[in-house]
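Q: One file: target-v3.cif (mmCIF, C-alpha atoms).
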data_my_file
#
loop_
_atom_site.group_PDB
_atom_site.id
_atom_site.type_symbol
_atom_site.label_atom_id
_atom_site.label_comp_id
_atom_site.auth_asym_id
_atom_site.auth_seq_id
_atom_site.Cartn_x
_atom_site.Cartn_y
_atom_site.Cartn_z
ATOM 1 C CA MET A 1434 39.874 138.654 99.453
ATOM 2 C CA ARG A 1435 41.868 138.223 96.261
ATOM 3 C CA LYS A 1436 42.912 134.801 97.432
ATOM 4 C CA ILE A 1437 39.302 133.791 98.081
ATOM 5 C CA LYS A 1438 38.274 135.003 94.624
ATOM 6 C CA PHE A 1439 41.094 133.017 93.038
ATOM 7 C CA PHE A 1440 40.090 129.942 94.999
ATOM 8 C CA LEU A 1441 36.441 130.231 93.942
ATOM 9 C CA LEU A 1442 37.518 130.665 90.336
ATOM 10 C CA ALA A 1443 39.681 127.561 90.571
ATOM 11 C CA ILE A 1444 36.738 125.538 91.916
ATOM 12 C CA LEU A 1445 34.507 126.903 89.149
ATOM 13 C CA ILE A 1446 37.021 125.920 86.472
ATOM 14 C CA CYS A 1447 37.258 122.418 87.914
ATOM 15 C CA GLY A 1448 33.449 122.129 87.868
ATOM 16 C CA VAL A 1449 33.146 123.382 84.277
ATOM 17 C CA ASN A 1450 35.807 120.927 83.184
ATOM 18 C CA LEU A 1451 33.741 118.089 84.592
ATOM 19 C CA PHE A 1452 30.909 118.828 82.179
ATOM 20 C CA ALA A 1453 33.068 119.820 79.253
ATOM 21 C CA ALA A 1454 34.888 116.495 79.247
ATOM 22 C CA ALA A 1455 33.873 114.490 76.220
ATOM 23 C CA GLN A 1456 35.528 111.137 76.574
ATOM 24 C CA THR A 1457 35.547 108.148 74.276
ATOM 25 C CA ASP A 1458 34.159 105.103 75.980
ATOM 26 C CA PRO A 1459 35.365 101.979 74.155
ATOM 27 C CA ALA A 1460 33.447 99.066 75.625
ATOM 28 C CA ASP A 1461 36.122 96.534 74.731
ATOM 29 C CA VAL A 1462 38.462 97.724 77.461
ATOM 30 C CA LYS A 1463 38.100 95.310 80.349
ATOM 31 C CA MET A 1464 37.114 97.007 83.574
ATOM 32 C CA ALA A 1465 35.808 95.704 86.871
ATOM 33 C CA ASP A 1466 32.239 95.782 85.613
ATOM 34 C CA THR A 1467 31.187 92.427 87.071
ATOM 35 C CA MET A 1468 32.535 93.438 90.425
ATOM 36 C CA ARG A 1469 30.491 96.603 90.293
ATOM 37 C CA SER A 1470 27.294 95.045 88.916
ATOM 38 C CA ASN A 1471 26.833 92.630 91.784
ATOM 39 C CA GLY A 1472 27.799 95.256 94.318
ATOM 40 C CA LYS A 1473 30.889 93.559 95.729
ATOM 41 C CA ILE A 1474 33.013 96.697 95.254
ATOM 42 C CA TYR A 1475 31.446 97.965 98.476
ATOM 43 C CA VAL A 1476 33.172 95.156 100.327
ATOM 44 C CA VAL A 1477 36.517 96.504 99.139
ATOM 45 C CA ILE A 1478 35.586 100.018 100.204
ATOM 46 C CA ALA A 1479 34.501 98.728 103.605
ATOM 47 C CA VAL A 1480 37.809 96.914 104.092
ATOM 48 C CA ILE A 1481 39.948 99.898 103.070
ATOM 49 C CA LEU A 1482 37.857 102.279 105.165
ATOM 50 C CA THR A 1483 38.235 100.003 108.194
ATOM 51 C CA ILE A 1484 42.005 100.026 107.815
ATOM 52 C CA LEU A 1485 42.076 103.794 107.259
ATOM 53 C CA ILE A 1486 39.852 104.520 110.252
ATOM 54 C CA GLY A 1487 41.902 102.143 112.377
ATOM 55 C CA LEU A 1488 45.091 103.972 111.479
ATOM 56 C CA VAL A 1489 43.466 107.356 112.100
ATOM 57 C CA LEU A 1490 42.195 106.269 115.533
ATOM 58 C CA TYR A 1491 45.725 105.094 116.337
ATOM 59 C CA ILE A 1492 47.203 108.468 115.365
ATOM 60 C CA VAL A 1493 44.508 110.316 117.339
ATOM 61 C CA ARG A 1494 45.358 108.254 120.429
ATOM 62 C CA LEU A 1495 49.051 109.012 119.962
ATOM 63 C CA ASP A 1496 48.214 112.698 119.583
ATOM 64 C CA LYS A 1497 46.236 112.649 122.852
ATOM 65 C CA LYS A 1498 49.007 110.807 124.693
ATOM 66 C CA ILE A 1499 51.614 113.327 123.577
ATOM 67 C CA SER A 1500 49.300 116.197 124.556
ATOM 68 C CA ARG A 1501 48.957 114.687 128.029
ATOM 69 C CA LEU A 1502 52.738 114.398 128.329
ATOM 70 C CA GLU A 1503 53.086 118.034 127.297
ATOM 71 C CA LYS A 1504 50.598 119.127 129.976
ATOM 72 C CA GLU A 1505 52.465 117.234 132.718
ATOM 73 C CA LYS A 1506 55.447 119.537 132.333
ATOM 74 C CA MET B 627 58.662 127.473 128.967
ATOM 75 C CA ALA B 628 55.250 128.611 127.815
ATOM 76 C CA GLU B 629 54.160 126.599 124.816
ATOM 77 C CA GLN B 630 52.729 128.784 122.130
ATOM 78 C CA LYS B 631 49.845 127.139 120.323
ATOM 79 C CA ASN B 632 51.002 126.886 116.750
ATOM 80 C CA TYR B 633 49.564 124.787 113.916
ATOM 81 C CA MET B 634 50.809 121.562 115.497
ATOM 82 C CA TYR B 635 48.234 121.765 118.261
ATOM 83 C CA LYS B 636 45.204 122.741 116.186
ATOM 84 C CA SER B 637 42.696 120.086 115.255
ATOM 85 C CA TRP B 638 40.818 121.596 112.282
ATOM 86 C CA TRP B 639 43.329 120.455 109.687
ATOM 87 C CA LYS B 640 43.465 116.997 111.214
ATOM 88 C CA ILE B 641 39.704 116.672 110.755
ATOM 89 C CA THR B 642 40.051 117.970 107.180
ATOM 90 C CA CYS B 643 42.685 115.315 106.580
ATOM 91 C CA VAL B 644 40.431 112.469 107.723
ATOM 92 C CA VAL B 645 37.456 113.766 105.701
ATOM 93 C CA LEU B 646 39.567 114.096 102.546
ATOM 94 C CA LEU B 647 41.061 110.621 102.927
ATOM 95 C CA VAL B 648 37.657 109.000 103.434
ATOM 96 C CA TYR B 649 36.444 110.890 100.343
ATOM 97 C CA THR B 650 39.508 109.678 98.435
ATOM 98 C CA VAL B 651 38.817 106.037 99.197
ATOM 99 C CA VAL B 652 35.065 106.136 98.551
ATOM 100 C CA ALA B 653 35.058 108.389 95.481
ATOM 101 C CA GLY B 654 38.329 106.968 94.236
ATOM 102 C CA LEU B 655 36.868 103.490 94.012
ATOM 103 C CA LEU B 656 33.338 104.398 92.934
ATOM 104 C CA LEU B 657 33.535 107.302 90.468
ATOM 105 C CA ASP B 658 33.902 106.620 86.762
ATOM 106 C CA VAL B 659 37.398 106.561 85.323
ATOM 107 C CA PRO B 660 38.529 106.553 81.681
ATOM 108 C CA ARG B 661 38.610 103.096 80.105
ATOM 109 C CA LEU B 662 42.172 102.670 78.890
ATOM 110 C CA PRO B 663 43.877 99.536 77.602
ATOM 111 C CA ALA B 664 46.653 98.030 79.744
ATOM 112 C CA LEU B 665 45.897 100.371 82.636
ATOM 113 C CA GLN B 666 42.241 99.337 83.014
ATOM 114 C CA GLU B 667 41.037 99.619 86.587
ATOM 115 C CA THR B 668 44.547 100.196 87.940
ATOM 116 C CA ILE B 669 44.252 103.814 86.829
ATOM 117 C CA ARG B 670 42.699 104.368 90.263
ATOM 118 C CA ASN B 671 46.193 103.937 91.690
ATOM 119 C CA LEU B 672 46.665 107.571 90.714
ATOM 120 C CA TYR B 673 44.844 108.482 93.933
ATOM 121 C CA PHE B 674 47.267 106.488 96.043
ATOM 122 C CA HIS B 675 50.619 105.820 94.368
ATOM 123 C CA VAL B 676 51.068 109.266 92.797
ATOM 124 C CA CYS B 677 49.848 110.981 95.970
ATOM 125 C CA MET B 678 52.657 109.327 97.938
ATOM 126 C CA TRP B 679 55.216 111.048 95.696
ATOM 127 C CA MET B 680 53.364 114.364 95.768
ATOM 128 C CA ALA B 681 53.210 114.276 99.571
ATOM 129 C CA MET B 682 56.877 113.263 99.690
ATOM 130 C CA MET B 683 57.938 116.249 97.609
ATOM 131 C CA ILE B 684 55.896 118.648 99.746
ATOM 132 C CA VAL B 685 57.250 117.188 102.986
ATOM 133 C CA PHE B 686 60.862 117.333 101.738
ATOM 134 C CA THR B 687 60.272 120.967 100.786
ATOM 135 C CA VAL B 688 59.037 121.701 104.315
ATOM 136 C CA SER B 689 62.141 119.962 105.631
ATOM 137 C CA VAL B 690 64.554 122.060 103.573
ATOM 138 C CA VAL B 691 62.749 125.268 104.544
ATOM 139 C CA ASN B 692 63.237 124.319 108.191
ATOM 140 C CA SER B 693 66.920 123.644 107.520
ATOM 141 C CA ILE B 694 67.325 127.108 105.996
ATOM 142 C CA TYR B 695 65.531 128.623 109.001
ATOM 143 C CA TYR B 696 67.948 126.749 111.234
ATOM 144 C CA LEU B 697 70.968 128.137 109.408
ATOM 145 C CA ARG B 698 69.548 131.662 109.726
ATOM 146 C CA THR B 699 68.601 131.521 113.403
ATOM 147 C CA PHE B 700 70.499 128.534 114.910
ATOM 148 C CA LYS B 701 67.411 127.538 116.876
ATOM 149 C CA LEU B 702 67.369 123.810 117.504
ATOM 150 C CA LYS B 703 63.614 123.489 117.052
ATOM 151 C CA TYR B 704 64.029 124.082 113.302
ATOM 152 C CA ASP B 705 66.639 121.343 113.147
ATOM 153 C CA ILE B 706 64.283 118.926 114.900
ATOM 154 C CA ALA B 707 61.480 119.818 112.488
ATOM 155 C CA ALA B 708 63.755 119.383 109.456
ATOM 156 C CA ARG B 709 64.809 115.943 110.626
ATOM 157 C CA GLN B 710 61.325 114.647 111.367
ATOM 158 C CA TYR B 711 59.823 115.971 108.121
ATOM 159 C CA ALA B 712 62.649 114.320 106.182
ATOM 160 C CA ALA B 713 61.999 111.041 108.017
ATOM 161 C CA VAL B 714 58.320 111.099 107.066
ATOM 162 C CA GLY B 715 59.321 111.977 103.493
ATOM 163 C CA ILE B 716 61.534 108.885 103.337
ATOM 164 C CA VAL B 717 58.668 106.703 104.540
ATOM 165 C CA LEU B 718 56.410 108.168 101.855
ATOM 166 C CA GLY B 719 59.098 107.597 99.247
ATOM 167 C CA ILE B 720 59.435 103.938 100.230
ATOM 168 C CA LEU B 721 55.644 103.551 100.088
ATOM 169 C CA GLY B 722 55.552 105.214 96.656
ATOM 170 C CA TYR B 723 58.352 102.980 95.434
ATOM 171 C CA SER B 724 56.786 99.753 96.639
ATOM 172 C CA THR B 725 53.324 100.626 95.302
ATOM 173 C CA GLY B 726 55.011 101.480 92.002
ATOM 174 C CA ILE B 727 56.636 98.035 91.934
ATOM 175 C CA ILE B 728 53.265 96.356 92.408
ATOM 176 C CA TRP B 729 51.596 98.544 89.792
ATOM 177 C CA MET B 730 54.235 98.144 87.114
ATOM 178 C CA SER B 731 54.483 94.374 87.506
ATOM 179 C CA TYR B 732 50.873 94.212 86.282
ATOM 180 C CA THR B 733 51.001 96.883 83.581
ATOM 181 C CA TRP B 734 54.559 97.035 82.207
ATOM 182 C CA ALA B 735 55.566 93.395 82.326
ATOM 183 C CA ASP B 736 54.973 91.756 78.959
ATOM 184 C CA ALA B 737 53.090 88.493 79.399
ATOM 185 C CA ASN B 738 54.504 87.151 76.109
ATOM 186 C CA ASN B 739 58.097 87.372 77.289
ATOM 187 C CA PRO B 740 59.759 85.381 80.050
ATOM 188 C CA ALA B 741 59.890 87.210 83.370
ATOM 189 C CA SER B 742 63.625 87.838 83.082
ATOM 190 C CA ALA B 743 63.179 89.691 79.770
ATOM 191 C CA SER B 744 60.500 91.935 81.289
ATOM 192 C CA PHE B 745 62.723 92.535 84.283
ATOM 193 C CA SER B 746 65.671 93.717 82.189
ATOM 194 C CA ALA B 747 63.392 96.205 80.441
ATOM 195 C CA ILE B 748 61.927 97.456 83.709
ATOM 196 C CA ALA B 749 65.215 97.577 85.591
ATOM 197 C CA ARG B 750 66.536 99.994 82.979
ATOM 198 C CA GLU B 751 63.645 102.353 83.673
ATOM 199 C CA PRO B 752 65.175 105.783 84.408
ATOM 200 C CA LYS B 753 62.305 106.857 86.658
ATOM 201 C CA LEU B 754 63.028 103.952 89.004
ATOM 202 C CA ILE B 755 66.753 104.634 89.059
ATOM 203 C CA GLY B 756 66.158 108.352 89.629
ATOM 204 C CA ALA B 757 63.753 107.731 92.495
ATOM 205 C CA ALA B 758 66.220 105.263 94.026
ATOM 206 C CA ILE B 759 69.008 107.870 93.843
ATOM 207 C CA ALA B 760 66.787 110.495 95.470
ATOM 208 C CA LEU B 761 65.878 108.154 98.311
ATOM 209 C CA LEU B 762 69.487 107.035 98.818
ATOM 210 C CA VAL B 763 70.569 110.671 99.101
ATOM 211 C CA TYR B 764 68.043 111.091 101.908
ATOM 212 C CA PHE B 765 69.141 107.849 103.586
ATOM 213 C CA ALA B 766 72.621 109.350 103.614
ATOM 214 C CA TYR B 767 71.157 112.431 105.336
ATOM 215 C CA MET B 768 69.921 110.249 108.203
ATOM 216 C CA ILE B 769 73.215 108.371 108.467
ATOM 217 C CA LEU B 770 75.234 111.597 108.412
ATOM 218 C CA ARG B 771 73.053 113.149 111.127
ATOM 219 C CA ASP B 772 73.108 110.242 113.480
ATOM 220 C CA SER B 773 76.872 109.725 113.186
ATOM 221 C CA ILE B 774 77.720 113.151 114.673
ATOM 222 C CA GLN B 775 77.704 113.393 118.465
ATOM 223 C CA ASP B 776 77.887 117.143 119.015
ATOM 224 C CA ILE B 777 74.351 118.589 118.837
ATOM 225 C CA ASP B 778 75.217 121.935 117.236
ATOM 226 C CA LYS B 779 77.670 120.459 114.774
ATOM 227 C CA LYS B 780 75.147 117.769 113.878
ATOM 228 C CA ALA B 781 72.429 120.341 113.265
ATOM 229 C CA ARG B 782 74.629 122.617 111.191
ATOM 230 C CA ILE B 783 76.191 119.954 108.960
ATOM 231 C CA SER B 784 72.920 118.140 108.379
ATOM 232 C CA ALA B 785 71.109 121.390 107.545
ATOM 233 C CA VAL B 786 73.685 122.142 104.847
ATOM 234 C CA TYR B 787 73.532 118.574 103.584
ATOM 235 C CA ASN B 788 69.721 118.726 103.497
ATOM 236 C CA ILE B 789 69.935 121.629 101.061
ATOM 237 C CA PHE B 790 72.208 119.573 98.802
ATOM 238 C CA ALA B 791 69.888 116.587 99.059
ATOM 239 C CA PHE B 792 66.942 118.767 98.084
ATOM 240 C CA ALA B 793 68.875 120.127 95.136
ATOM 241 C CA MET B 794 69.383 116.523 93.974
ATOM 242 C CA LEU B 795 65.749 115.532 94.514
ATOM 243 C CA PHE B 796 64.049 117.240 91.566
ATOM 244 C CA PRO B 797 66.721 116.561 88.949
ATOM 245 C CA SER B 798 66.763 112.883 89.837
ATOM 246 C CA ILE B 799 63.014 112.296 89.948
ATOM 247 C CA TRP B 800 61.840 114.769 87.296
ATOM 248 C CA ILE B 801 64.546 115.991 84.939
ATOM 249 C CA MET B 802 66.757 112.933 84.464
ATOM 250 C CA PRO B 803 63.915 110.479 83.650
ATOM 251 C CA ARG B 804 62.573 112.916 81.043
ATOM 252 C CA ILE B 805 65.826 113.103 79.121
ATOM 253 C CA LEU B 806 65.923 109.319 78.726
ATOM 254 C CA PRO B 807 63.272 107.105 77.115
ATOM 255 C CA SER B 808 60.906 105.836 79.781
ATOM 256 C CA LEU B 809 57.848 103.663 80.203
ATOM 257 C CA HIS B 810 56.560 105.782 83.045
ATOM 258 C CA PRO B 811 53.666 108.084 82.084
ATOM 259 C CA GLY B 812 54.113 111.845 82.153
ATOM 260 C CA GLN B 813 57.182 111.814 79.965
ATOM 261 C CA GLU B 814 56.279 115.121 78.366
ATOM 262 C CA GLY B 815 54.493 117.995 80.061
ATOM 263 C CA ASN B 816 53.338 118.041 83.644
ATOM 264 C CA PRO B 817 51.726 114.728 84.521
ATOM 265 C CA ALA B 818 48.480 115.043 86.463
ATOM 266 C CA LEU B 819 48.841 118.815 86.707
ATOM 267 C CA ASN B 820 48.262 119.686 83.073
ATOM 268 C CA VAL B 821 44.805 121.256 82.989
ATOM 269 C CA LYS B 822 44.169 120.810 79.270
ATOM 270 C CA GLU B 823 44.899 117.142 78.620
ATOM 271 C CA ASP B 824 46.774 114.233 80.195
ATOM 272 C CA ILE B 825 44.416 113.673 83.109
ATOM 273 C CA ASP B 826 40.685 113.247 82.814
ATOM 274 C CA SER B 827 38.746 115.987 84.567
ATOM 275 C CA SER B 828 36.600 113.493 86.451
ATOM 276 C CA MET B 829 39.760 112.093 87.964
ATOM 277 C CA ARG B 830 40.962 115.536 88.939
ATOM 278 C CA MET B 831 37.948 115.853 91.252
ATOM 279 C CA VAL B 832 39.415 113.075 93.370
ATOM 280 C CA PHE B 833 43.129 113.498 92.667
ATOM 281 C CA TYR B 834 43.605 117.012 94.069
ATOM 282 C CA PRO B 835 41.709 116.375 97.329
ATOM 283 C CA ALA B 836 43.656 113.117 97.607
ATOM 284 C CA VAL B 837 46.990 114.932 97.359
ATOM 285 C CA ILE B 838 45.909 117.387 100.064
ATOM 286 C CA GLY B 839 44.583 114.590 102.281
ATOM 287 C CA TRP B 840 47.711 112.432 102.094
ATOM 288 C CA THR B 841 49.938 115.482 102.605
ATOM 289 C CA LEU B 842 48.008 116.508 105.711
ATOM 290 C CA LEU B 843 48.293 112.955 107.068
ATOM 291 C CA SER B 844 52.058 112.996 106.636
ATOM 292 C CA VAL B 845 52.311 116.445 108.234
ATOM 293 C CA TRP B 846 50.243 115.120 111.136
ATOM 294 C CA ILE B 847 52.622 112.207 111.692
ATOM 295 C CA ALA B 848 55.625 114.530 111.389
ATOM 296 C CA THR B 849 54.216 116.973 113.984
ATOM 297 C CA LEU B 850 53.660 114.093 116.415
ATOM 298 C CA LYS B 851 57.300 113.085 115.994
ATOM 299 C CA ILE B 852 58.428 116.701 116.443
ATOM 300 C CA ARG B 853 56.392 117.083 119.632
ATOM 301 C CA LEU B 854 57.834 113.865 121.043
ATOM 302 C CA THR B 855 61.381 114.970 120.249
ATOM 303 C CA LEU B 856 60.785 118.383 121.833
ATOM 304 C CA LEU B 857 59.540 116.635 124.985
ATOM 305 C CA LYS B 858 62.603 114.396 125.034
ATOM 306 C CA GLU B 859 64.977 117.343 124.585
ATOM 307 C CA LYS B 860 63.265 119.238 127.402
ATOM 308 C CA LYS B 861 63.663 116.260 129.702
ATOM 309 C CA MET B 862 67.369 116.104 128.865
ATOM 310 C CA ILE B 863 67.896 119.753 129.741
ATOM 311 C CA ALA B 864 65.869 119.613 132.971
#
Spell out the structure here as structure tokens.
A:
Amino acid sequence: MRKIKFFLLAILICGVNLFAAAQTDPADVKMADTMRSNGKIYVVIAVILTILIGLVLYIVRLDKKISRLEKEK
Amino acid sequence: MAEQKNYMYKSWWKITCVVLLVYTVVAGLLLDVPRLPALQETIRNLYFHVCMWMAMMIVFTVSVVNSIYYLRTFKLKYDIAARQYAAVGIVLGILGYSTGIIWMSYTWADANNPASASFSAIAREPKLIGAAIALLVYFAYMILRDSIQDIDKKARISAVYNIFAFAMLFPSIWIMPRILPSLHPGQEGNPALNVKEDIDSSMRMVFYPAVIGWTLLSVWIATLKIRLTLLKEKKMIA
């Protein structure tokens, strides 16, 4: 119970920090604004997600194969 | 031998891992980040490059705990676990090192100087040298292990060596680079963990889940390797 309370408190602190953050926003720092404005950033996300999901599917298949080997014994 | 169903065979944390990693990629690329000169958009590498090192430290810690368990009980399964966790830690370290090379060649290299001048400044970077030492110490762990034929002797010597390697890990990647002047961020204080300053709170919302996600992924890979090795050992005995 104490652990759960601590965990909830930690989440709460993180959330409060999000609103309390007052950050300077100098517009002269170059960021990927063009990329974001015409929406192409989603292409990057799609590519990375494809790779990530591919790797995860590969690990899941390995996991299943090893489980099958363990059952054979 | 009846297999008891420990954490290696549960699937809830594997699902958590996938969810957290998908969140890391989507939120890590879409959420707002602080606009800083020189770093610019590469600040998002915090969710990937730094997480490799965090996961590496956690995995090496798991490895040394298993080595200590082995020395207390002399059960070979702890030795197998220590070896496989260390192997995954080395892979993470290499990934962290190579992503760091890419990152620094765009942020540390001075465009006004010739490439060789930038290189001599970067090659002197104590964080790089420290990380290289830490990784070499773990390479030596693998070489030492695999050069001993006798199973019990191999397990015992490498467990003791693993403790030494772990004792070298934190001085070489944390303490030594702080004593010397360094370009790497986080020179003073606890980088990325300091709650008050140092890391923007909006980034913390992605960074902490990212660390957990990458760590779970590496634990997943390590458990697969452990299960395979256990199967192989059983086949050898039978």
Q: Just how far from CA of Val688 in chain B is CA of Thr642 in chain B, in Å to one decimal?
A: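 Going from CA of Thr642 in chain B over to CA of Val688 in chain B covers 19.6 Å.
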Q: Pick out the chain B residues within 10 Å of chain A. Count all atoms listed in the file. Give them as an MDAnalysis selection string.
A: chainID B and resid 627 629 635 640 643:644 647:649 651:656 659:668 821:822 826:831 843 846:847 849:851 853:854 856:857 860:861
Q: Please, what distance in Å, to one decimal, runs between CA of Ile706 in chain B and CA of Val676 in chain B?
A: 27.5 Å
Q: Expressed in Å to a single decimal, how great is the separation between CA of Ser744 in chain B and CA of Met678 in chain B?
A: 25.3 Å
Q: Which one of B:Ile748, B:Ile694, B:Met730, B:Leu702 sits closest to Pro807 in chain B if you count all atoms listed in the file?
A: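 For Pro807 in chain B, the nearest of the candidates is B:Ile748.
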Q: Might you spell out which residues the PyMOL selection byres ((chain B and resi 777-787) around 10) would select in the displayed file, as a count of residues only?
A: 36
Q: Compile the contact shell of Ile805 in chain B as a short mmCIF file (atom, residue, chain, number, x, y, z; two decimals) with C-alpha atoms, in the coordinates of the input: residues with an atom at most 12 Å away, counting all atoms listed in the file, same-chain residues fewer than 4 positions apart removed.
A:
data_model
loop_
_atom_site.label_atom_id
_atom_site.label_comp_id
_atom_site.auth_asym_id
_atom_site.auth_seq_id
_atom_site.Cartn_x
_atom_site.Cartn_y
_atom_site.Cartn_z
CA GLU B 751 63.64 102.35 83.67
CA PRO B 752 65.18 105.78 84.41
CA LYS B 753 62.30 106.86 86.66
CA GLY B 756 66.16 108.35 89.63
CA PRO B 797 66.72 116.56 88.95
CA SER B 798 66.76 112.88 89.84
CA ILE B 799 63.01 112.30 89.95
CA TRP B 800 61.84 114.77 87.30
CA ILE B 801 64.55 115.99 84.94
CA GLN B 813 57.18 111.81 79.96
CA GLU B 814 56.28 115.12 78.37
#
Q: Carefully work through the PyMOL selection byres ((chain B and resi 675) around 9) for this structure and note down the residues it includes, as a ChimeraX atom specification.
A: /B:671-674,676-679,721-726,729
